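Each remark here refers to the structure printed beneath this line.
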Amino acid sequence: MTAPGTDRAAAVAAAFTDIAERRAGGGYAPVHAAMATACATDPCALDLASRAADGQNPPSLLLGAVQYLLARRDPGHALARFYPTLTGRPAPDPQVDDPWPDLRAFLTRHRDRIAEIVTTRLVQTHEVGRCSYLYPALTAVRRHAGAPLAAIEIGPSAGLTLVPDRYAYSYGDGTTAGAPDSPLLLRSELRGPHRPPLDRGPEIAWRAGIDLNPLNLADAEDRAWLRSLVWPDHPDRAARLDTAFAAARTGELPTLHRGTASQHLPALLEQAPVDAVVCVYHTAVTAHFTSRARAEHRDLLRRLSERRRILWLRAEPVEEPRLRFTDLDGGLARTEVVLGGYHPHGAWLEWHHRG
Ligand SMILES: C[S@@+](CC[C@H](N)C(=O)[O-])C[C@H]1O[C@@H](n2cnc3c(N)ncnc32)[C@H](O)[C@@H]1O
């Protein structure tokens, strides 16, 4: 096995530690955190994860590849007991029954196939729970715009976050919203004294998506990959995704264009209906950009808004903990609106905005 360069190995080890301590830590995903902690110091795990392309999150790809192969190729392996997402049963407490010996054995047994997946797949975690804050956020953008929206999502993965108006919502205090007959009910909690605008919904008149690698929900391999990116501790998220897959079969998903915003956005701005206001939005996408790519993305939107007004909504927790949108008109940041705080997977929303 070739050892990754020292800098690369150190960066990948730090990414595992970040997952273990910040993102999955604090009891949110203890099995995922325990696995990430062990991988951070193991040469085999670091070597495999280091094969991820630049900009990709190596731990997500490595642990996604493991879950994918467990589900598709080796469901009887002893490691499977740590995956409530696969077994439907609670996992052992990783402080008492350490998953590492079984994970290590699994990495060795499936090393070549894991390397192939880490090299060829992208992190495309599709969290439909994010619609719990996208729905009110798009409603607030629509209210600000004073017109129906032409919604263009950057990085929609398989497109489930492009149709938030097709789902039903329950916010825990009797507040409901969305499409009451939807097979997918998304539950979230409203925190704080302010309530988001939910009355008319976002009124999306037209929509399109742009993704580096649009996934196809009719393809069983793509569905399996999306499911494998859900952390093992979260069977409820996996079940929600299964329901969303089934719901997607009942209505057509919007067109997803393969590539980047700079390739497709100019033409889509021309195609969007003239009586709608364009809202470009993204969730959990710019974490996969370099800082230079983030600056280029901002510049692109500012430049394009000289041709047509763009309301730019984003929920990018790695960059900024609050949900916000900017009204870009004529290339100048006219209005910056902070909507509120939110849980990255949509478990709660704390609305701040009173517009
Ligand atoms: C973590 S997923 C998030 C998916 C979806 N937004 C959600 O919240 O469920 C990130 C998505 O962004 C896409 N992506 C990453 N960089 C991109 C870029 N430069 N242009 C377009 N899509 C990109 C990936 O292919 C992936 O589908």
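Naming works like this for the structure tokens: A, B, ... for the chains as they're shown, residue 1 at the start of each chain, ligands 1 onward in shown order.
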Original post:
When the cut-off is 8 Å and you count only C-alpha atoms and all ligand atoms, which residues lie near ligand 1, shown as an MDAnalysis selection string?
Top reply: chainID A and resid 122:128 130 153:161 210:215 258:261 282:286 288:289 293
Can those selected residues be exported to a file as a short mmCIF file (atom, residue, chain, number, x, y, z; two decimals), in the first residue's frame so that it contains N, CA, C and O atoms?
```cif
data_model
loop_
_atom_site.label_atom_id
_atom_site.label_comp_id
_atom_site.auth_asym_id
_atom_site.auth_seq_id
_atom_site.Cartn_x
_atom_site.Cartn_y
_atom_site.Cartn_z
N LEU A 122 -18.80 11.02 -5.76
CA LEU A 122 -18.70 12.33 -5.12
C LEU A 122 -19.53 12.33 -3.84
O LEU A 122 -20.45 11.52 -3.69
N VAL A 123 -19.21 13.26 -2.94
CA VAL A 123 -20.05 13.43 -1.75
C VAL A 123 -21.33 14.14 -2.21
O VAL A 123 -21.29 15.30 -2.59
N GLN A 124 -22.43 13.41 -2.18
CA GLN A 124 -23.68 13.99 -2.70
C GLN A 124 -24.81 13.82 -1.69
O GLN A 124 -25.98 13.69 -2.08
N THR A 125 -24.43 13.81 -0.42
CA THR A 125 -25.40 13.60 0.65
C THR A 125 -26.67 14.43 0.39
O THR A 125 -26.61 15.66 0.32
N HIS A 126 -27.78 13.73 0.25
CA HIS A 126 -29.02 14.42 -0.10
C HIS A 126 -29.92 14.38 1.13
O HIS A 126 -30.46 13.34 1.47
N GLU A 127 -30.05 15.55 1.78
CA GLU A 127 -30.80 15.57 3.03
C GLU A 127 -32.11 16.32 2.80
O GLU A 127 -32.16 17.55 2.82
N VAL A 128 -33.14 15.55 2.57
CA VAL A 128 -34.43 16.15 2.23
C VAL A 128 -34.99 16.93 3.43
O VAL A 128 -35.79 17.86 3.26
N ARG A 130 -33.60 19.17 4.89
CA ARG A 130 -33.24 20.60 4.70
C ARG A 130 -34.40 21.40 4.13
O ARG A 130 -34.44 22.62 4.24
N GLU A 153 -31.50 25.71 -8.42
CA GLU A 153 -30.68 25.18 -7.32
C GLU A 153 -29.32 24.75 -7.86
O GLU A 153 -29.23 24.04 -8.86
N ILE A 154 -28.26 25.18 -7.16
CA ILE A 154 -26.90 24.73 -7.48
C ILE A 154 -26.61 23.55 -6.55
O ILE A 154 -26.76 23.66 -5.34
N GLY A 155 -26.22 22.41 -7.11
CA GLY A 155 -25.88 21.24 -6.31
C GLY A 155 -27.09 20.52 -5.73
O GLY A 155 -27.11 20.18 -4.56
N PRO A 156 -28.12 20.24 -6.54
CA PRO A 156 -29.31 19.57 -6.01
C PRO A 156 -29.18 18.05 -5.92
O PRO A 156 -30.16 17.40 -5.58
N SER A 157 -28.00 17.50 -6.20
CA SER A 157 -27.76 16.05 -6.08
C SER A 157 -28.72 15.27 -6.99
O SER A 157 -28.50 15.20 -8.19
N ALA A 158 -29.84 14.76 -6.45
CA ALA A 158 -30.81 14.05 -7.31
C ALA A 158 -32.07 14.88 -7.55
O ALA A 158 -32.99 14.41 -8.21
N GLY A 159 -32.14 16.07 -6.96
CA GLY A 159 -33.27 16.96 -7.25
C GLY A 159 -34.35 17.02 -6.17
O GLY A 159 -35.33 17.76 -6.31
N LEU A 160 -34.19 16.28 -5.08
CA LEU A 160 -35.25 16.26 -4.06
C LEU A 160 -35.40 17.61 -3.34
O LEU A 160 -36.49 17.93 -2.86
N THR A 161 -34.33 18.39 -3.28
CA THR A 161 -34.41 19.70 -2.62
C THR A 161 -34.88 20.80 -3.58
O THR A 161 -34.95 21.96 -3.21
N ILE A 210 -28.53 22.60 -11.28
CA ILE A 210 -27.21 22.47 -11.90
C ILE A 210 -26.35 21.66 -10.94
O ILE A 210 -26.15 22.08 -9.79
N ASP A 211 -25.87 20.51 -11.36
CA ASP A 211 -25.02 19.70 -10.47
C ASP A 211 -23.85 19.13 -11.26
O ASP A 211 -24.01 18.74 -12.42
N LEU A 212 -22.69 19.05 -10.60
CA LEU A 212 -21.51 18.45 -11.22
C LEU A 212 -21.82 17.04 -11.70
O LEU A 212 -21.30 16.60 -12.71
N ASN A 213 -22.68 16.35 -10.95
CA ASN A 213 -22.99 14.96 -11.27
C ASN A 213 -24.43 14.64 -10.85
O ASN A 213 -24.64 14.06 -9.78
N PRO A 214 -25.40 15.03 -11.65
CA PRO A 214 -26.79 14.78 -11.24
C PRO A 214 -27.04 13.29 -11.02
O PRO A 214 -26.64 12.47 -11.86
N LEU A 215 -27.63 12.94 -9.90
CA LEU A 215 -27.95 11.53 -9.65
C LEU A 215 -29.37 11.25 -10.13
O LEU A 215 -30.22 12.14 -10.17
N ARG A 258 -25.93 18.97 -16.04
CA ARG A 258 -24.64 18.48 -15.56
C ARG A 258 -23.57 19.54 -15.78
O ARG A 258 -23.35 19.98 -16.91
N GLY A 259 -22.92 19.96 -14.69
CA GLY A 259 -21.84 20.93 -14.83
C GLY A 259 -21.88 21.93 -13.69
O GLY A 259 -22.36 21.63 -12.59
N THR A 260 -21.37 23.13 -13.98
CA THR A 260 -21.23 24.14 -12.94
C THR A 260 -22.12 25.35 -13.25
O THR A 260 -22.65 25.49 -14.36
N ALA A 261 -22.24 26.22 -12.24
CA ALA A 261 -23.05 27.43 -12.42
C ALA A 261 -22.51 28.27 -13.57
O ALA A 261 -23.29 28.82 -14.36
N HIS A 282 -28.60 27.32 -2.73
CA HIS A 282 -27.83 26.09 -2.52
C HIS A 282 -27.71 25.80 -1.03
O HIS A 282 -27.68 26.70 -0.20
N THR A 283 -27.69 24.50 -0.72
CA THR A 283 -27.51 24.03 0.65
C THR A 283 -26.41 22.97 0.66
O THR A 283 -26.43 22.04 -0.15
N ALA A 284 -25.46 23.14 1.58
CA ALA A 284 -24.38 22.15 1.77
C ALA A 284 -23.62 21.88 0.47
O ALA A 284 -23.31 20.73 0.16
N VAL A 285 -23.32 22.93 -0.27
CA VAL A 285 -22.60 22.77 -1.53
C VAL A 285 -21.22 23.45 -1.47
O VAL A 285 -20.21 22.85 -1.83
N THR A 286 -21.16 24.68 -0.97
CA THR A 286 -19.89 25.41 -1.06
C THR A 286 -18.83 24.86 -0.09
O THR A 286 -17.66 25.22 -0.20
N HIS A 288 -17.79 22.13 -0.49
CA HIS A 288 -16.97 21.35 -1.42
C HIS A 288 -16.19 22.26 -2.38
O HIS A 288 -15.59 21.78 -3.33
N PHE A 289 -16.24 23.57 -2.15
CA PHE A 289 -15.50 24.50 -2.99
C PHE A 289 -14.19 24.89 -2.28
O PHE A 289 -14.17 24.97 -1.05
N ALA A 293 -12.80 29.12 -5.31
CA ALA A 293 -14.05 28.80 -6.02
C ALA A 293 -15.24 29.52 -5.38
O ALA A 293 -16.17 29.95 -6.08
#
```
**OP:** Write out as a count of residues only all residues of stretch 25-225 of chain A that DSSP puts in helix (DSSP H, G or I) for this structure's backbone.
**Re:** 91
**OP:** Find, counting only C-alpha atoms, the residue in A:Leu70, A:Ala14, A:Val118, A:Ala65 that gets nearest to A:Ser50.
**Re:**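 Closest candidate: A:Val118.
Between atom CA of A:Arg298 and atom CA of A:Asp165 lies a distance of 26.8 Å.
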Original post:
Skipping near chain neighbours, those fewer than 4 positions away, what residues fall within 10 Å of A:Ser132 using only C-alpha atoms, listed as a list in words?
Top reply: Val128, Pro136, Ala137, Pro164, Tyr167, Ala168, Tyr169, Ser170, Tyr171, Ala177, Gly178, Leu185, Leu186, Arg187, Ser188, Glu189, Tyr342, His343, His345, Gly346, Ala347, Trp348 and Leu349 of chain A
**OP:** To one decimal in Å, tell me the separation between atom CA of A:Ala276 and atom CA of A:Gly146.
**Re:** 9.3 Å
**OP:** Tell me which of A:Cys44, A:Ala49, A:Leu268, A:Leu184 sits closest to A:Asp242, counting only C-alpha atoms.
**Re:**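 Distance minimum relative to A:Asp242 lands on A:Leu184.
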Original post:
Could you pull the residues within 12 Å of A:Glu320, counting only C-alpha atoms, minus those fewer than 4 positions along the same chain, as a list of chain:residue names?
Top reply: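 Listed by chain and then number, they are A:Thr283, A:Ala284, A:Thr286, A:Ala287, A:Arg314, A:Ala315, A:Glu316, A:Arg324, A:Phe325, A:Val338, A:Gly340, A:Gly341, A:Tyr342, A:Pro344.
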Selected residues written out with all heavy atoms, as an mmCIF file, in the first residue's frame:
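File produced: selection15.cif:
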```
data_model
loop_
_atom_site.group_PDB
_atom_site.id
_atom_site.type_symbol
_atom_site.label_atom_id
_atom_site.label_comp_id
_atom_site.auth_asym_id
_atom_site.auth_seq_id
_atom_site.Cartn_x
_atom_site.Cartn_y
_atom_site.Cartn_z
ATOM 1 N N THR A 283 -27.691 24.497 -0.725
ATOM 2 C CA THR A 283 -27.511 24.035 0.654
ATOM 3 C C THR A 283 -26.411 22.974 0.657
ATOM 4 O O THR A 283 -26.431 22.044 -0.148
ATOM 5 C CB THR A 283 -28.802 23.396 1.215
ATOM 6 O OG1 THR A 283 -29.150 22.255 0.422
ATOM 7 C CG2 THR A 283 -29.972 24.352 1.204
ATOM 8 N N ALA A 284 -25.458 23.138 1.581
ATOM 9 C CA ALA A 284 -24.376 22.152 1.771
ATOM 10 C C ALA A 284 -23.616 21.883 0.474
ATOM 11 O O ALA A 284 -23.307 20.733 0.162
ATOM 12 C CB ALA A 284 -24.933 20.850 2.355
ATOM 13 N N THR A 286 -21.162 24.680 -0.967
ATOM 14 C CA THR A 286 -19.889 25.406 -1.062
ATOM 15 C C THR A 286 -18.833 24.857 -0.093
ATOM 16 O O THR A 286 -17.665 25.216 -0.199
ATOM 17 C CB THR A 286 -20.076 26.922 -0.845
ATOM 18 O OG1 THR A 286 -20.699 27.128 0.421
ATOM 19 C CG2 THR A 286 -20.927 27.525 -1.935
ATOM 20 N N ALA A 287 -19.247 23.952 0.802
ATOM 21 C CA ALA A 287 -18.248 23.248 1.623
ATOM 22 C C ALA A 287 -17.311 22.455 0.720
ATOM 23 O O ALA A 287 -16.188 22.146 1.102
ATOM 24 C CB ALA A 287 -18.947 22.305 2.605
ATOM 25 N N ARG A 314 -28.873 31.010 0.559
ATOM 26 C CA ARG A 314 -27.960 29.888 0.852
ATOM 27 C C ARG A 314 -28.033 29.459 2.316
ATOM 28 O O ARG A 314 -28.268 30.284 3.207
ATOM 29 C CB ARG A 314 -26.522 30.187 0.424
ATOM 30 C CG ARG A 314 -25.833 31.316 1.125
ATOM 31 C CD ARG A 314 -25.937 32.565 0.268
ATOM 32 N NE ARG A 314 -25.137 33.650 0.801
ATOM 33 C CZ ARG A 314 -25.481 34.926 0.680
ATOM 34 N NH1 ARG A 314 -26.602 35.273 0.085
ATOM 35 N NH2 ARG A 314 -24.710 35.884 1.158
ATOM 36 N N ALA A 315 -27.811 28.169 2.494
ATOM 37 C CA ALA A 315 -27.685 27.567 3.823
ATOM 38 C C ALA A 315 -26.419 26.729 3.762
ATOM 39 O O ALA A 315 -26.427 25.600 3.279
ATOM 40 C CB ALA A 315 -28.898 26.695 4.125
ATOM 41 N N GLU A 316 -25.343 27.343 4.170
ATOM 42 C CA GLU A 316 -24.025 26.713 4.052
ATOM 43 C C GLU A 316 -23.364 26.737 5.424
ATOM 44 O O GLU A 316 -22.568 27.634 5.734
ATOM 45 C CB GLU A 316 -23.170 27.470 3.013
ATOM 46 C CG GLU A 316 -23.707 27.403 1.597
ATOM 47 C CD GLU A 316 -23.600 25.997 0.988
ATOM 48 O OE1 GLU A 316 -22.945 25.123 1.596
ATOM 49 O OE2 GLU A 316 -24.188 25.771 -0.091
ATOM 50 N N ARG A 324 -29.543 32.835 4.968
ATOM 51 C CA ARG A 324 -29.599 34.227 4.512
ATOM 52 C C ARG A 324 -29.832 34.313 3.007
ATOM 53 O O ARG A 324 -29.580 33.371 2.280
ATOM 54 C CB ARG A 324 -28.323 34.963 4.859
ATOM 55 C CG ARG A 324 -27.085 34.340 4.262
ATOM 56 C CD ARG A 324 -25.868 35.223 4.473
ATOM 57 N NE ARG A 324 -25.545 35.390 5.866
ATOM 58 C CZ ARG A 324 -25.200 36.553 6.426
ATOM 59 N NH1 ARG A 324 -25.099 37.640 5.707
ATOM 60 N NH2 ARG A 324 -24.908 36.632 7.706
ATOM 61 N N PHE A 325 -30.340 35.474 2.588
ATOM 62 C CA PHE A 325 -30.366 35.721 1.152
ATOM 63 C C PHE A 325 -29.921 37.135 0.848
ATOM 64 O O PHE A 325 -29.967 38.026 1.713
ATOM 65 C CB PHE A 325 -31.734 35.396 0.529
ATOM 66 C CG PHE A 325 -32.852 36.370 0.794
ATOM 67 C CD1 PHE A 325 -33.037 37.492 -0.011
ATOM 68 C CD2 PHE A 325 -33.741 36.150 1.834
ATOM 69 C CE1 PHE A 325 -34.084 38.379 0.222
ATOM 70 C CE2 PHE A 325 -34.795 37.029 2.081
ATOM 71 C CZ PHE A 325 -34.974 38.150 1.273
ATOM 72 N N VAL A 338 -30.848 38.336 6.792
ATOM 73 C CA VAL A 338 -30.582 37.156 7.610
ATOM 74 C C VAL A 338 -31.925 36.599 8.065
ATOM 75 O O VAL A 338 -32.731 37.309 8.657
ATOM 76 C CB VAL A 338 -29.709 37.527 8.826
ATOM 77 C CG1 VAL A 338 -29.560 36.316 9.759
ATOM 78 C CG2 VAL A 338 -28.346 38.012 8.369
ATOM 79 N N GLY A 340 -32.435 33.369 9.736
ATOM 80 C CA GLY A 340 -32.450 32.693 11.030
ATOM 81 C C GLY A 340 -31.367 31.646 11.160
ATOM 82 O O GLY A 340 -30.553 31.448 10.267
ATOM 83 N N GLY A 341 -31.403 30.967 12.308
ATOM 84 C CA GLY A 341 -30.482 29.859 12.557
ATOM 85 C C GLY A 341 -31.188 28.553 12.226
ATOM 86 O O GLY A 341 -32.422 28.497 12.194
ATOM 87 N N TYR A 342 -30.421 27.498 12.000
ATOM 88 C CA TYR A 342 -31.040 26.239 11.590
ATOM 89 C C TYR A 342 -30.114 25.084 11.900
ATOM 90 O O TYR A 342 -28.890 25.235 11.967
ATOM 91 C CB TYR A 342 -31.344 26.260 10.077
ATOM 92 C CG TYR A 342 -30.109 26.420 9.221
ATOM 93 C CD1 TYR A 342 -29.524 25.330 8.605
ATOM 94 C CD2 TYR A 342 -29.483 27.664 9.096
ATOM 95 C CE1 TYR A 342 -28.368 25.466 7.853
ATOM 96 C CE2 TYR A 342 -28.327 27.806 8.358
ATOM 97 C CZ TYR A 342 -27.777 26.718 7.742
ATOM 98 O OH TYR A 342 -26.619 26.851 7.022
ATOM 99 N N PRO A 344 -28.329 21.781 10.573
ATOM 100 C CA PRO A 344 -27.904 21.447 9.202
ATOM 101 C C PRO A 344 -28.782 20.398 8.517
ATOM 102 O O PRO A 344 -28.912 20.416 7.290
ATOM 103 C CB PRO A 344 -26.478 20.914 9.384
ATOM 104 C CG PRO A 344 -26.027 21.417 10.705
ATOM 105 C CD PRO A 344 -27.229 21.669 11.546
#
```
Need the shell around A:Leu339: protein/DNA/RNA residues with any atom at most 12 Å away, counting only C-alpha atoms. Skip same-chain ones fewer than 4 positions apart. Format as a PDB file with C-alpha atoms, in the first residue's frame?
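Here's the written file out_9.pdb:
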```pdb
ATOM      1  CA  TYR A 133     -35.968  25.436   6.380  1.00  0.00           C
ATOM      2  CA  LEU A 134     -35.861  25.839   2.608  1.00  0.00           C
ATOM      3  CA  PRO A 136     -40.051  28.969   4.786  1.00  0.00           C
ATOM      4  CA  ALA A 137     -36.874  30.577   3.407  1.00  0.00           C
ATOM      5  CA  LEU A 138     -38.153  30.415  -0.173  1.00  0.00           C
ATOM      6  CA  THR A 139     -41.513  31.696   1.062  1.00  0.00           C
ATOM      7  CA  ALA A 140     -39.722  34.697   2.624  1.00  0.00           C
ATOM      8  CA  VAL A 141     -37.783  35.260  -0.618  1.00  0.00           C
ATOM      9  CA  HIS A 144     -39.564  39.955  -0.622  1.00  0.00           C
ATOM     10  CA  HIS A 194     -40.590  34.569  15.849  1.00  0.00           C
ATOM     11  CA  ARG A 195     -42.526  32.501  13.330  1.00  0.00           C
ATOM     12  CA  PRO A 196     -41.566  32.122   9.653  1.00  0.00           C
ATOM     13  CA  PRO A 197     -44.007  33.082   6.897  1.00  0.00           C
ATOM     14  CA  LEU A 313     -30.401  32.169  -0.921  1.00  0.00           C
ATOM     15  CA  ARG A 314     -27.960  29.888   0.852  1.00  0.00           C
ATOM     16  CA  ALA A 315     -27.685  27.567   3.823  1.00  0.00           C
ATOM     17  CA  PRO A 321     -24.298  29.374  10.594  1.00  0.00           C
ATOM     18  CA  ARG A 322     -27.297  31.460   9.511  1.00  0.00           C
ATOM     19  CA  LEU A 323     -29.760  31.114   6.704  1.00  0.00           C
ATOM     20  CA  ARG A 324     -29.599  34.227   4.512  1.00  0.00           C
ATOM     21  CA  PHE A 325     -30.366  35.721   1.152  1.00  0.00           C
ATOM     22  CA  THR A 326     -28.993  38.651  -0.833  1.00  0.00           C
ATOM     23  CA  LEU A 349     -35.270  26.346  12.803  1.00  0.00           C
ATOM     24  CA  GLU A 350     -34.943  29.586  14.755  1.00  0.00           C
ATOM     25  CA  TRP A 351     -36.493  32.341  12.703  1.00  0.00           C
ATOM     26  CA  HIS A 352     -35.081  35.882  13.173  1.00  0.00           C
ATOM     27  CA  HIS A 353     -36.411  37.831  10.216  1.00  0.00           C
ATOM     28  CA  ARG A 354     -39.539  39.976  10.615  1.00  0.00           C
ATOM     29  CA  GLY A 355     -40.040  41.080   7.011  1.00  0.00           C
TER      30      GLY A 355
END
```
